Amino acid sequence: MAKKDYSIWSKQDLIDELKKVEKRKKYGIVWEDKPEQVALLCREKLPVLTEDKDKEIETDKEKPVNILIEGDNYHALSVLNYTHKGKVDVIYIDPPYNTGNEGFVYNDNRVDMNDSYRHSKWLSFIEKRLKLSKNLLSSNGIIFISIDDNEVAQLKLLCDEVFGEVNFIALIIVQTNKGGRDYLEIAKTHEYLLCYGKSTDIKLNELPKDISALKLEDETGKFEIRELRNRNPKFTKENRPNLYYPIYVNPLLTDNYGHCAVSLTKSKSYPIEVFPKNSEGKDSCWRWGKKLVSQNIIEDNAQESQVVAKQKRDNGWNIYEKCRKSTTKAKSIWDDSEVRTERGTIVLRNILGKSLFDHPKPVELIDKVLRLSSKEDSIILDFFAGSGTTAQAVLELNNQDEGNRKFILCTNNESNNGTGYKILSDICYPRIEKVINGYKDLKNQKIEGTKGNLKYFKTDFVDAQPTDRNKRKLVDKSTEMLCLKEDCFDEVMKGHEFKIFTNSQNKNLGIIYDDEGIEPFKKEAKKLKKKFIVYVFSLDESAREEEFEDVADLVELKPIPAVILNVYKRIFKW
């Protein structure tokens, strides 16, 4: 950290600095914040979106509309703070790893290994974007971040600060290279996947399990035994008294694997009493109540009974269920061959016909993330889109389970590591287009497209000074943002100073750009007799309700640009 010259400070400067020191946290991560030009620009210019109609893809109006945004992700995330606050279910990002070799760009300069502020610049860069992305997560939202050894320690502390240490879910180890990078003292075979939730109430999905690999089998089918005792130390005899009761064992009646029959009633045939005990021999509780256990016991038939007992080495007894679940909890080590880096390279080369991108993430990695964290209608965001792996994973998973997930991808269009190929126009967008419409692979085999829809936007700007003229300019350029916010892209009418949009779910959007558009819009609303969300131009925060009294039952009014400016005031701290 650069040494400060206190000799030029005034008395008040010193007092203010001392107050900062007093408030400074005693534990956490501290770095010298480095100003970033893309963030400073927002003091003078406000980001908006413009659509590139030539790059729109539409194959099926019934399918969801996916979004691709070209521009700096700081500006894209700022726009999304208005359009998607609290709406995103899953974020996956693969940010620059700050190896010092790839040289990530900060203020138009590549940061290399010799930059003494390399870590401070990276932390300044990533913190701004993580804070903006946190606002986008839904109450049950989850973020996954790929990272390696260079910044994993700093990133963990930063995420503890941004998302809250209590919301940490896991640091997953992903085997990316089985052989390892053997030029290092210890051959490195893995990277990390850091995972946080928006809250502590996160419930992850379980992953598919191959039941055919199970070794035990009865007339019902394959199974494995799973201890019926609850291993969660939070659950005890005291706080779960209804789950603490005896189960009785018949040691002479067994199935083909030596599992013994059980009963809830003590008798001469079932003389051995078993209570749930933890590893220290203290009272615990069962996972099931008496009613469920009773429903799964077949007395005098250990072969068909779904609850059985087995003697331990110390002559004690364990009670088990015959578990036939087709899903399992994800583990903290992902060593599947499909998640290795070479797999991502092969898939991308097969789509584009040649290698244009170094170390793309494999589709199977993102697929696993989505299966673990998304629902069939989730919104997935990737604001370091790179080669577009996340888009392909979403489209293919929807194809498999008939889901309606939507992706939002953000990336700039800079040259890919000096290769001459542009990340967005030469790699990411062509990949998405081919996955949707189909393509021929390197073996000249036809690969069917997933179908789907895509809107392509670019970031643009309007002057930030809150003059009446600039407010009008912001309203004129707000159409794409409002359509994105309301998920209404089909323009059904363009009138004098107003537009009407709809979508496949029969949602209707009205945008009124000037006072002169109010009466013509109301006339059309009365004809259509449909409910509308209406954004109406207003120089203040009023929604002009008094001018819509005759259609009050048809419209939900919102003032523009006030609703947009209020978001920007919050995130840019005017």
# chains A, B, ... in the order shown; residues from 1 in each chain; ligands from 1
>>> closest_atom_pairs(of="stretch 319-396 of chain A", to="stretch 405-416 of chain A", cutoff="6 Å", atoms="only C-alpha atoms", output="JSON lines")
{"residue": "A:Glu376", "atom": "CA", "partner": "A:Arg405", "partner_atom": "CA", "distance": 5.7}
{"residue": "A:Asp377", "atom": "CA", "partner": "A:Arg405", "partner_atom": "CA", "distance": 4.5}
{"residue": "A:Ser378", "atom": "CA", "partner": "A:Arg405", "partner_atom": "CA", "distance": 4.8}
{"residue": "A:Ile379", "atom": "CA", "partner": "A:Lys406", "partner_atom": "CA", "distance": 4.9}
{"residue": "A:Ile380", "atom": "CA", "partner": "A:Phe407", "partner_atom": "CA", "distance": 4.7}
{"residue": "A:Leu381", "atom": "CA", "partner": "A:Ile408", "partner_atom": "CA", "distance": 4.8}
{"residue": "A:Asp382", "atom": "CA", "partner": "A:Leu409", "partner_atom": "CA", "distance": 5.0}
{"residue": "A:Phe383", "atom": "CA", "partner": "A:Cys410", "partner_atom": "CA", "distance": 4.4}
{"residue": "A:Phe384", "atom": "CA", "partner": "A:Thr411", "partner_atom": "CA", "distance": 5.8}
{"residue": "A:Ala385", "atom": "CA", "partner": "A:Thr411", "partner_atom": "CA", "distance": 5.5}
>>> write_last_selection(atoms="C-alpha atoms", output="short mmCIF file (atom, residue, chain, number, x, y, z; two decimals), in the first residue's frame")
data_model
loop_
_atom_site.label_atom_id
_atom_site.label_comp_id
_atom_site.auth_asym_id
_atom_site.auth_seq_id
_atom_site.Cartn_x
_atom_site.Cartn_y
_atom_site.Cartn_z
CA GLU A 376 -37.63 -25.19 -14.52
CA ASP A 377 -38.47 -21.48 -14.79
CA SER A 378 -35.36 -19.97 -13.23
CA ILE A 379 -33.50 -16.92 -14.53
CA ILE A 380 -29.75 -17.57 -14.84
CA LEU A 381 -27.20 -14.77 -15.08
CA ASP A 382 -23.57 -14.95 -16.27
CA PHE A 383 -21.88 -11.56 -16.44
CA PHE A 384 -18.49 -12.96 -17.49
CA ALA A 385 -20.00 -14.84 -20.41
#
>>> closest_residue(among="A:Gln12, A:Ser139, A:Ser212, A:Asn437", to="A:Ser326", atoms="only C-alpha atoms")
A:Ser212
>>> select_by_dssp(residues="stretch 406-526 of chain A", states="strand (DSSP E)", output="PyMOL selection string")
chain A and resi 406-411+439-440+446-447+453-463+490-495+498-502+508-512
>>> write_last_selection(atoms="N, CA and C atoms", output="mmCIF file, in the first residue's frame")
data_model
loop_
_atom_site.group_PDB
_atom_site.id
_atom_site.type_symbol
_atom_site.label_atom_id
_atom_site.label_comp_id
_atom_site.auth_asym_id
_atom_site.auth_seq_id
_atom_site.Cartn_x
_atom_site.Cartn_y
_atom_site.Cartn_z
ATOM 1 N N LYS A 406 -34.401 -19.117 -18.375
ATOM 2 C CA LYS A 406 -33.933 -18.040 -19.247
ATOM 3 C C LYS A 406 -32.531 -17.637 -18.817
ATOM 4 N N PHE A 407 -31.664 -17.357 -19.785
ATOM 5 C CA PHE A 407 -30.334 -16.866 -19.430
ATOM 6 C C PHE A 407 -30.195 -15.393 -19.794
ATOM 7 N N ILE A 408 -29.365 -14.713 -19.014
ATOM 8 C CA ILE A 408 -28.904 -13.361 -19.325
ATOM 9 C C ILE A 408 -27.391 -13.431 -19.322
ATOM 10 N N LEU A 409 -26.770 -13.147 -20.457
ATOM 11 C CA LEU A 409 -25.327 -13.163 -20.570
ATOM 12 C C LEU A 409 -24.816 -11.759 -20.843
ATOM 13 N N CYS A 410 -23.718 -11.388 -20.205
ATOM 14 C CA CYS A 410 -23.104 -10.078 -20.399
ATOM 15 C C CYS A 410 -21.620 -10.273 -20.700
ATOM 16 N N THR A 411 -21.124 -9.596 -21.709
ATOM 17 C CA THR A 411 -19.692 -9.606 -21.999
ATOM 18 C C THR A 411 -19.361 -8.441 -22.915
ATOM 19 N N TYR A 439 -26.181 -27.256 -36.233
ATOM 20 C CA TYR A 439 -24.921 -27.070 -36.953
ATOM 21 C C TYR A 439 -24.365 -28.438 -37.348
ATOM 22 N N LYS A 440 -23.304 -28.420 -38.156
ATOM 23 C CA LYS A 440 -22.585 -29.642 -38.495
ATOM 24 C C LYS A 440 -21.270 -29.657 -37.732
ATOM 25 N N LYS A 446 -24.832 -33.800 -38.574
ATOM 26 C CA LYS A 446 -25.787 -32.738 -38.262
ATOM 27 C C LYS A 446 -26.216 -32.828 -36.802
ATOM 28 N N ILE A 447 -26.048 -31.744 -36.077
ATOM 29 C CA ILE A 447 -26.476 -31.645 -34.678
ATOM 30 C C ILE A 447 -27.735 -30.785 -34.638
ATOM 31 N N ASN A 453 -35.110 -18.452 -28.237
ATOM 32 C CA ASN A 453 -35.176 -17.060 -28.676
ATOM 33 C C ASN A 453 -34.094 -16.241 -27.984
ATOM 34 N N LEU A 454 -33.585 -15.248 -28.696
ATOM 35 C CA LEU A 454 -32.518 -14.412 -28.149
ATOM 36 C C LEU A 454 -32.715 -12.962 -28.567
ATOM 37 N N LYS A 455 -32.593 -12.059 -27.605
ATOM 38 C CA LYS A 455 -32.542 -10.626 -27.864
ATOM 39 C C LYS A 455 -31.118 -10.150 -27.590
ATOM 40 N N TYR A 456 -30.591 -9.321 -28.506
ATOM 41 C CA TYR A 456 -29.213 -8.850 -28.415
ATOM 42 C C TYR A 456 -29.229 -7.343 -28.138
ATOM 43 N N PHE A 457 -28.644 -6.949 -27.014
ATOM 44 C CA PHE A 457 -28.601 -5.537 -26.631
ATOM 45 C C PHE A 457 -27.164 -5.060 -26.500
ATOM 46 N N LYS A 458 -26.982 -3.762 -26.669
ATOM 47 C CA LYS A 458 -25.701 -3.119 -26.410
ATOM 48 C C LYS A 458 -25.908 -2.025 -25.373
ATOM 49 N N THR A 459 -24.912 -1.828 -24.530
ATOM 50 C CA THR A 459 -25.008 -0.727 -23.570
ATOM 51 C C THR A 459 -24.777 0.590 -24.290
ATOM 52 N N ASP A 460 -25.526 1.609 -23.864
ATOM 53 C CA ASP A 460 -25.429 2.958 -24.412
ATOM 54 C C ASP A 460 -25.528 3.919 -23.229
ATOM 55 N N PHE A 461 -25.480 5.222 -23.488
ATOM 56 C CA PHE A 461 -25.464 6.174 -22.376
ATOM 57 C C PHE A 461 -26.275 7.427 -22.702
ATOM 58 N N VAL A 462 -26.781 8.048 -21.626
ATOM 59 C CA VAL A 462 -27.376 9.380 -21.718
ATOM 60 C C VAL A 462 -26.743 10.240 -20.635
ATOM 61 N N ASP A 463 -26.784 11.549 -20.817
ATOM 62 C CA ASP A 463 -26.179 12.459 -19.846
ATOM 63 C C ASP A 463 -26.863 12.324 -18.485
ATOM 64 N N ASP A 490 -42.926 -8.006 -27.752
ATOM 65 C CA ASP A 490 -43.660 -7.978 -29.023
ATOM 66 C C ASP A 490 -44.406 -6.655 -29.171
ATOM 67 N N GLU A 491 -43.911 -5.805 -30.073
ATOM 68 C CA GLU A 491 -44.560 -4.510 -30.297
ATOM 69 C C GLU A 491 -45.817 -4.714 -31.133
ATOM 70 N N VAL A 492 -46.953 -4.357 -30.574
ATOM 71 C CA VAL A 492 -48.222 -4.541 -31.281
ATOM 72 C C VAL A 492 -48.785 -3.215 -31.782
ATOM 73 N N MET A 493 -48.248 -2.102 -31.268
ATOM 74 C CA MET A 493 -48.746 -0.810 -31.752
ATOM 75 C C MET A 493 -47.723 0.284 -31.453
ATOM 76 N N LYS A 494 -47.504 1.140 -32.434
ATOM 77 C CA LYS A 494 -46.670 2.316 -32.272
ATOM 78 C C LYS A 494 -47.507 3.527 -32.645
ATOM 79 N N GLY A 495 -47.936 4.289 -31.639
ATOM 80 C CA GLY A 495 -48.772 5.449 -31.881
ATOM 81 C C GLY A 495 -48.005 6.738 -31.716
ATOM 82 N N PHE A 498 -46.477 7.039 -28.036
ATOM 83 C CA PHE A 498 -46.695 5.884 -27.151
ATOM 84 C C PHE A 498 -46.460 4.603 -27.944
ATOM 85 N N LYS A 499 -46.176 3.514 -27.191
ATOM 86 C CA LYS A 499 -46.038 2.182 -27.788
ATOM 87 C C LYS A 499 -46.731 1.165 -26.893
ATOM 88 N N ILE A 500 -47.178 0.080 -27.509
ATOM 89 C CA ILE A 500 -47.812 -1.015 -26.769
ATOM 90 C C ILE A 500 -47.091 -2.310 -27.123
ATOM 91 N N PHE A 501 -46.766 -3.079 -26.073
ATOM 92 C CA PHE A 501 -46.084 -4.364 -26.229
ATOM 93 C C PHE A 501 -46.869 -5.452 -25.513
ATOM 94 N N THR A 502 -46.639 -6.701 -25.904
ATOM 95 C CA THR A 502 -47.262 -7.840 -25.221
ATOM 96 C C THR A 502 -46.280 -9.009 -25.234
ATOM 97 N N ASN A 508 -49.385 -7.160 -20.884
ATOM 98 C CA ASN A 508 -49.429 -5.993 -21.760
ATOM 99 C C ASN A 508 -48.685 -4.810 -21.132
ATOM 100 N N LEU A 509 -47.884 -4.169 -21.955
ATOM 101 C CA LEU A 509 -47.056 -3.057 -21.510
ATOM 102 C C LEU A 509 -47.339 -1.832 -22.365
ATOM 103 N N GLY A 510 -47.538 -0.693 -21.702
ATOM 104 C CA GLY A 510 -47.682 0.574 -22.409
ATOM 105 C C GLY A 510 -46.578 1.527 -21.992
ATOM 106 N N ILE A 511 -46.004 2.244 -22.957
ATOM 107 C CA ILE A 511 -44.984 3.260 -22.667
ATOM 108 C C ILE A 511 -45.443 4.571 -23.299
ATOM 109 N N ILE A 512 -45.569 5.595 -22.475
ATOM 110 C CA ILE A 512 -46.003 6.921 -22.950
ATOM 111 C C ILE A 512 -44.828 7.875 -22.794
#
>>> closest_residue(among="A:Leu77, A:Leu348, A:Val65, A:Ile225", to="A:Glu486", atoms="only C-alpha atoms")
A:Val65
>>> select_by_dssp(residues="stretch 267-423 of chain A", states="helix (DSSP H, G or I)", output="ChimeraX atom specification")
/A:290-296,337-339,341-352,363-373,389-401,423
>>> atom_distance(atom1="atom CA of A:Gly344", atom2="atom CA of A:Asn98")
20.7 Å
>>> closest_atom_pairs(of="stretch 283-335 of chain A", to="stretch 254-265 of chain A", cutoff="12 Å", atoms="only C-alpha atoms", output="JSON lines")
{"residue": "A:Gly289", "atom": "CA", "partner": "A:Leu264", "partner_atom": "CA", "distance": 11.2}
{"residue": "A:Lys290", "atom": "CA", "partner": "A:Leu264", "partner_atom": "CA", "distance": 8.0}
{"residue": "A:Lys291", "atom": "CA", "partner": "A:Leu264", "partner_atom": "CA", "distance": 10.1}
{"residue": "A:Leu292", "atom": "CA", "partner": "A:Leu264", "partner_atom": "CA", "distance": 11.3}
{"residue": "A:Val293", "atom": "CA", "partner": "A:Leu264", "partner_atom": "CA", "distance": 8.3}
{"residue": "A:Ser294", "atom": "CA", "partner": "A:Leu264", "partner_atom": "CA", "distance": 7.2}
{"residue": "A:Gln295", "atom": "CA", "partner": "A:Leu264", "partner_atom": "CA", "distance": 10.9}
{"residue": "A:Asn296", "atom": "CA", "partner": "A:Ser263", "partner_atom": "CA", "distance": 10.3}
{"residue": "A:Ile297", "atom": "CA", "partner": "A:Ser263", "partner_atom": "CA", "distance": 7.0}
{"residue": "A:Ile298", "atom": "CA", "partner": "A:Ala261", "partner_atom": "CA", "distance": 7.9}
{"residue": "A:Glu299", "atom": "CA", "partner": "A:Ser263", "partner_atom": "CA", "distance": 6.3}
{"residue": "A:Asp300", "atom": "CA", "partner": "A:Ala261", "partner_atom": "CA", "distance": 6.3}
{"residue": "A:Asn301", "atom": "CA", "partner": "A:Ala261", "partner_atom": "CA", "distance": 6.4}
{"residue": "A:Ala302", "atom": "CA", "partner": "A:Ala261", "partner_atom": "CA", "distance": 4.5}
{"residue": "A:Gln303", "atom": "CA", "partner": "A:Asp255", "partner_atom": "CA", "distance": 4.4}
{"residue": "A:Glu304", "atom": "CA", "partner": "A:Asp255", "partner_atom": "CA", "distance": 8.2}
{"residue": "A:Ser305", "atom": "CA", "partner": "A:Ala261", "partner_atom": "CA", "distance": 7.2}
{"residue": "A:Gln306", "atom": "CA", "partner": "A:Ala261", "partner_atom": "CA", "distance": 9.5}
{"residue": "A:Val307", "atom": "CA", "partner": "A:Val262", "partner_atom": "CA", "distance": 7.1}
{"residue": "A:Val308", "atom": "CA", "partner": "A:Ala261", "partner_atom": "CA", "distance": 5.4}
{"residue": "A:Ala309", "atom": "CA", "partner": "A:Cys260", "partner_atom": "CA", "distance": 4.9}
{"residue": "A:Lys310", "atom": "CA", "partner": "A:His259", "partner_atom": "CA", "distance": 5.3}
{"residue": "A:Gln311", "atom": "CA", "partner": "A:His259", "partner_atom": "CA", "distance": 8.4}
{"residue": "A:Lys312", "atom": "CA", "partner": "A:His259", "partner_atom": "CA", "distance": 11.3}
{"residue": "A:Trp317", "atom": "CA", "partner": "A:Cys260", "partner_atom": "CA", "distance": 10.1}
{"residue": "A:Asn318", "atom": "CA", "partner": "A:His259", "partner_atom": "CA", "distance": 10.1}
{"residue": "A:Ile319", "atom": "CA", "partner": "A:Val262", "partner_atom": "CA", "distance": 8.5}
{"residue": "A:Tyr320", "atom": "CA", "partner": "A:His259", "partner_atom": "CA", "distance": 8.9}
{"residue": "A:Glu321", "atom": "CA", "partner": "A:His259", "partner_atom": "CA", "distance": 10.6}
{"residue": "A:Lys322", "atom": "CA", "partner": "A:His259", "partner_atom": "CA", "distance": 10.3}
>>> residues_around(residues="stretch 274-282 of chain A", least_positions_apart="4", cutoff="10 Å", atoms="only C-alpha atoms", output="ChimeraX atom specification")
/A:228-233,236-237,243-249,262,286-287,309,316-319
>>> write_last_selection(atoms="N, CA and C atoms", output="PDB file, in the first residue's frame")
ATOM      1  N   LEU A 228     -31.059 -45.142   9.994  1.00  0.00           N
ATOM      2  CA  LEU A 228     -32.285 -44.418  10.317  1.00  0.00           C
ATOM      3  C   LEU A 228     -32.062 -43.364  11.403  1.00  0.00           C
ATOM      4  N   ARG A 229     -30.953 -43.474  12.111  1.00  0.00           N
ATOM      5  CA  ARG A 229     -30.640 -42.480  13.143  1.00  0.00           C
ATOM      6  C   ARG A 229     -30.343 -41.138  12.487  1.00  0.00           C
ATOM      7  N   ASN A 230     -30.879 -40.078  13.059  1.00  0.00           N
ATOM      8  CA  ASN A 230     -30.636 -38.734  12.552  1.00  0.00           C
ATOM      9  C   ASN A 230     -29.246 -38.271  12.989  1.00  0.00           C
ATOM     10  N   ARG A 231     -28.397 -37.975  12.030  1.00  0.00           N
ATOM     11  CA  ARG A 231     -27.021 -37.593  12.347  1.00  0.00           C
ATOM     12  C   ARG A 231     -26.843 -36.099  12.574  1.00  0.00           C
ATOM     13  N   ASN A 232     -27.897 -35.324  12.341  1.00  0.00           N
ATOM     14  CA  ASN A 232     -27.801 -33.888  12.569  1.00  0.00           C
ATOM     15  C   ASN A 232     -27.724 -33.612  14.068  1.00  0.00           C
ATOM     16  N   PRO A 233     -26.612 -33.039  14.550  1.00  0.00           N
ATOM     17  CA  PRO A 233     -26.474 -32.814  16.004  1.00  0.00           C
ATOM     18  C   PRO A 233     -27.482 -31.834  16.577  1.00  0.00           C
ATOM     19  N   THR A 236     -32.234 -33.647  18.740  1.00  0.00           N
ATOM     20  CA  THR A 236     -31.960 -34.492  19.914  1.00  0.00           C
ATOM     21  C   THR A 236     -33.270 -35.012  20.504  1.00  0.00           C
ATOM     22  N   LYS A 237     -33.115 -35.867  21.498  1.00  0.00           N
ATOM     23  CA  LYS A 237     -34.267 -36.382  22.237  1.00  0.00           C
ATOM     24  C   LYS A 237     -35.069 -35.236  22.848  1.00  0.00           C
ATOM     25  N   LEU A 243     -39.492 -38.260  17.979  1.00  0.00           N
ATOM     26  CA  LEU A 243     -38.602 -39.083  17.155  1.00  0.00           C
ATOM     27  C   LEU A 243     -37.674 -39.953  18.018  1.00  0.00           C
ATOM     28  N   TYR A 244     -37.966 -40.006  19.304  1.00  0.00           N
ATOM     29  CA  TYR A 244     -37.160 -40.838  20.214  1.00  0.00           C
ATOM     30  C   TYR A 244     -38.068 -41.934  20.784  1.00  0.00           C
ATOM     31  N   TYR A 245     -37.850 -43.143  20.332  1.00  0.00           N
ATOM     32  CA  TYR A 245     -38.651 -44.279  20.756  1.00  0.00           C
ATOM     33  C   TYR A 245     -37.871 -45.557  20.426  1.00  0.00           C
ATOM     34  N   PRO A 246     -38.223 -46.689  21.036  1.00  0.00           N
ATOM     35  CA  PRO A 246     -37.475 -47.924  20.780  1.00  0.00           C
ATOM     36  C   PRO A 246     -37.979 -48.670  19.546  1.00  0.00           C
ATOM     37  N   ILE A 247     -37.067 -49.368  18.906  1.00  0.00           N
ATOM     38  CA  ILE A 247     -37.376 -50.322  17.837  1.00  0.00           C
ATOM     39  C   ILE A 247     -36.803 -51.669  18.264  1.00  0.00           C
ATOM     40  N   TYR A 248     -37.553 -52.738  18.037  1.00  0.00           N
ATOM     41  CA  TYR A 248     -37.164 -54.053  18.549  1.00  0.00           C
ATOM     42  C   TYR A 248     -36.726 -54.964  17.401  1.00  0.00           C
ATOM     43  N   VAL A 249     -35.729 -55.815  17.695  1.00  0.00           N
ATOM     44  CA  VAL A 249     -35.069 -56.624  16.675  1.00  0.00           C
ATOM     45  C   VAL A 249     -35.286 -58.111  16.912  1.00  0.00           C
ATOM     46  N   VAL A 262     -37.525 -56.243  12.150  1.00  0.00           N
ATOM     47  CA  VAL A 262     -37.746 -55.349  13.284  1.00  0.00           C
ATOM     48  C   VAL A 262     -39.235 -55.170  13.530  1.00  0.00           C
ATOM     49  N   TRP A 286     -34.539 -40.631  15.774  1.00  0.00           N
ATOM     50  CA  TRP A 286     -34.656 -41.227  14.454  1.00  0.00           C
ATOM     51  C   TRP A 286     -34.999 -40.152  13.425  1.00  0.00           C
ATOM     52  N   ARG A 287     -34.801 -40.471  12.150  1.00  0.00           N
ATOM     53  CA  ARG A 287     -35.206 -39.556  11.078  1.00  0.00           C
ATOM     54  C   ARG A 287     -36.701 -39.664  10.788  1.00  0.00           C
ATOM     55  N   ALA A 309     -32.542 -54.221  10.675  1.00  0.00           N
ATOM     56  CA  ALA A 309     -31.486 -53.985  11.656  1.00  0.00           C
ATOM     57  C   ALA A 309     -30.253 -54.803  11.294  1.00  0.00           C
ATOM     58  N   GLY A 316     -23.549 -54.004  19.384  1.00  0.00           N
ATOM     59  CA  GLY A 316     -24.725 -53.153  19.406  1.00  0.00           C
ATOM     60  C   GLY A 316     -25.488 -53.306  18.087  1.00  0.00           C
ATOM     61  N   TRP A 317     -26.545 -52.504  17.924  1.00  0.00           N
ATOM     62  CA  TRP A 317     -27.374 -52.640  16.738  1.00  0.00           C
ATOM     63  C   TRP A 317     -27.618 -51.275  16.072  1.00  0.00           C
ATOM     64  N   ASN A 318     -27.675 -51.295  14.753  1.00  0.00           N
ATOM     65  CA  ASN A 318     -28.094 -50.126  13.977  1.00  0.00           C
ATOM     66  C   ASN A 318     -29.394 -50.455  13.253  1.00  0.00           C
ATOM     67  N   ILE A 319     -30.249 -49.462  13.116  1.00  0.00           N
ATOM     68  CA  ILE A 319     -31.486 -49.609  12.355  1.00  0.00           C
ATOM     69  C   ILE A 319     -31.299 -48.891  11.017  1.00  0.00           C
TER      70      ILE A 319
END
>>> residues_around(residues="A:Gln392", least_positions_apart="3", cutoff="10 Å", atoms="only C-alpha atoms", output="PyMOL selection string")
chain A and resi 362-364+366-367+387-389+395-398+407+428+431-436+450
>>> atom_distance(atom1="atom CA of A:Val152", atom2="atom CA of A:Tyr97")
8.9 Å
>>> residues_around(residues="A:Leu565", least_positions_apart="2", cutoff="10 Å", atoms="only C-alpha atoms", output="list in words")
Leu46, Tyr82, Ala464, Pro466, Lys471, Leu474, Ile560, Pro561, Ala562, Val563, Val567, Tyr568, Lys569 and Arg570 of chain A
>>> write_last_selection(atoms="C-alpha atoms", output="tab-separated table (two decimals), in the first residue's frame")
chain	number	residue	atom	x	y	z
A	46	LEU	CA	-26.20	6.82	-17.27
A	82	TYR	CA	-33.37	-1.65	-12.48
A	464	ALA	CA	-26.56	12.16	-16.07
A	466	PRO	CA	-31.02	15.80	-14.13
A	471	LYS	CA	-34.89	13.32	-18.45
A	474	LEU	CA	-33.60	9.01	-20.82
A	560	ILE	CA	-40.46	7.45	-15.83
A	561	PRO	CA	-37.68	8.38	-15.61
A	562	ALA	CA	-37.99	8.74	-11.81
A	563	VAL	CA	-38.10	4.98	-11.14
A	567	VAL	CA	-32.09	3.08	-8.80
A	568	TYR	CA	-29.06	4.84	-10.28
A	569	LYS	CA	-28.93	7.27	-7.36
A	570	ARG	CA	-28.70	4.29	-5.02
>>> residues_around(residues="stretch 163-179 of chain A", least_positions_apart="2", cutoff="8 Å", atoms="only C-alpha atoms", output="PyMOL selection string")
chain A and resi 134+159-161+181-182+187-200+331-336+339-342
>>> closest_residue(among="A:Ile272, A:Lys34, A:Gln465, A:Asn150", to="A:Asn107", atoms="only C-alpha atoms")
A:Lys34
>>> closest_residue(among="A:Phe144, A:Ser504, A:Glu217, A:Glu497", to="A:Gly517", atoms="only C-alpha atoms")
A:Glu497
>>> atom_distance(atom1="atom CA of A:Tyr513", atom2="atom CA of A:Val475")
6.4 Å
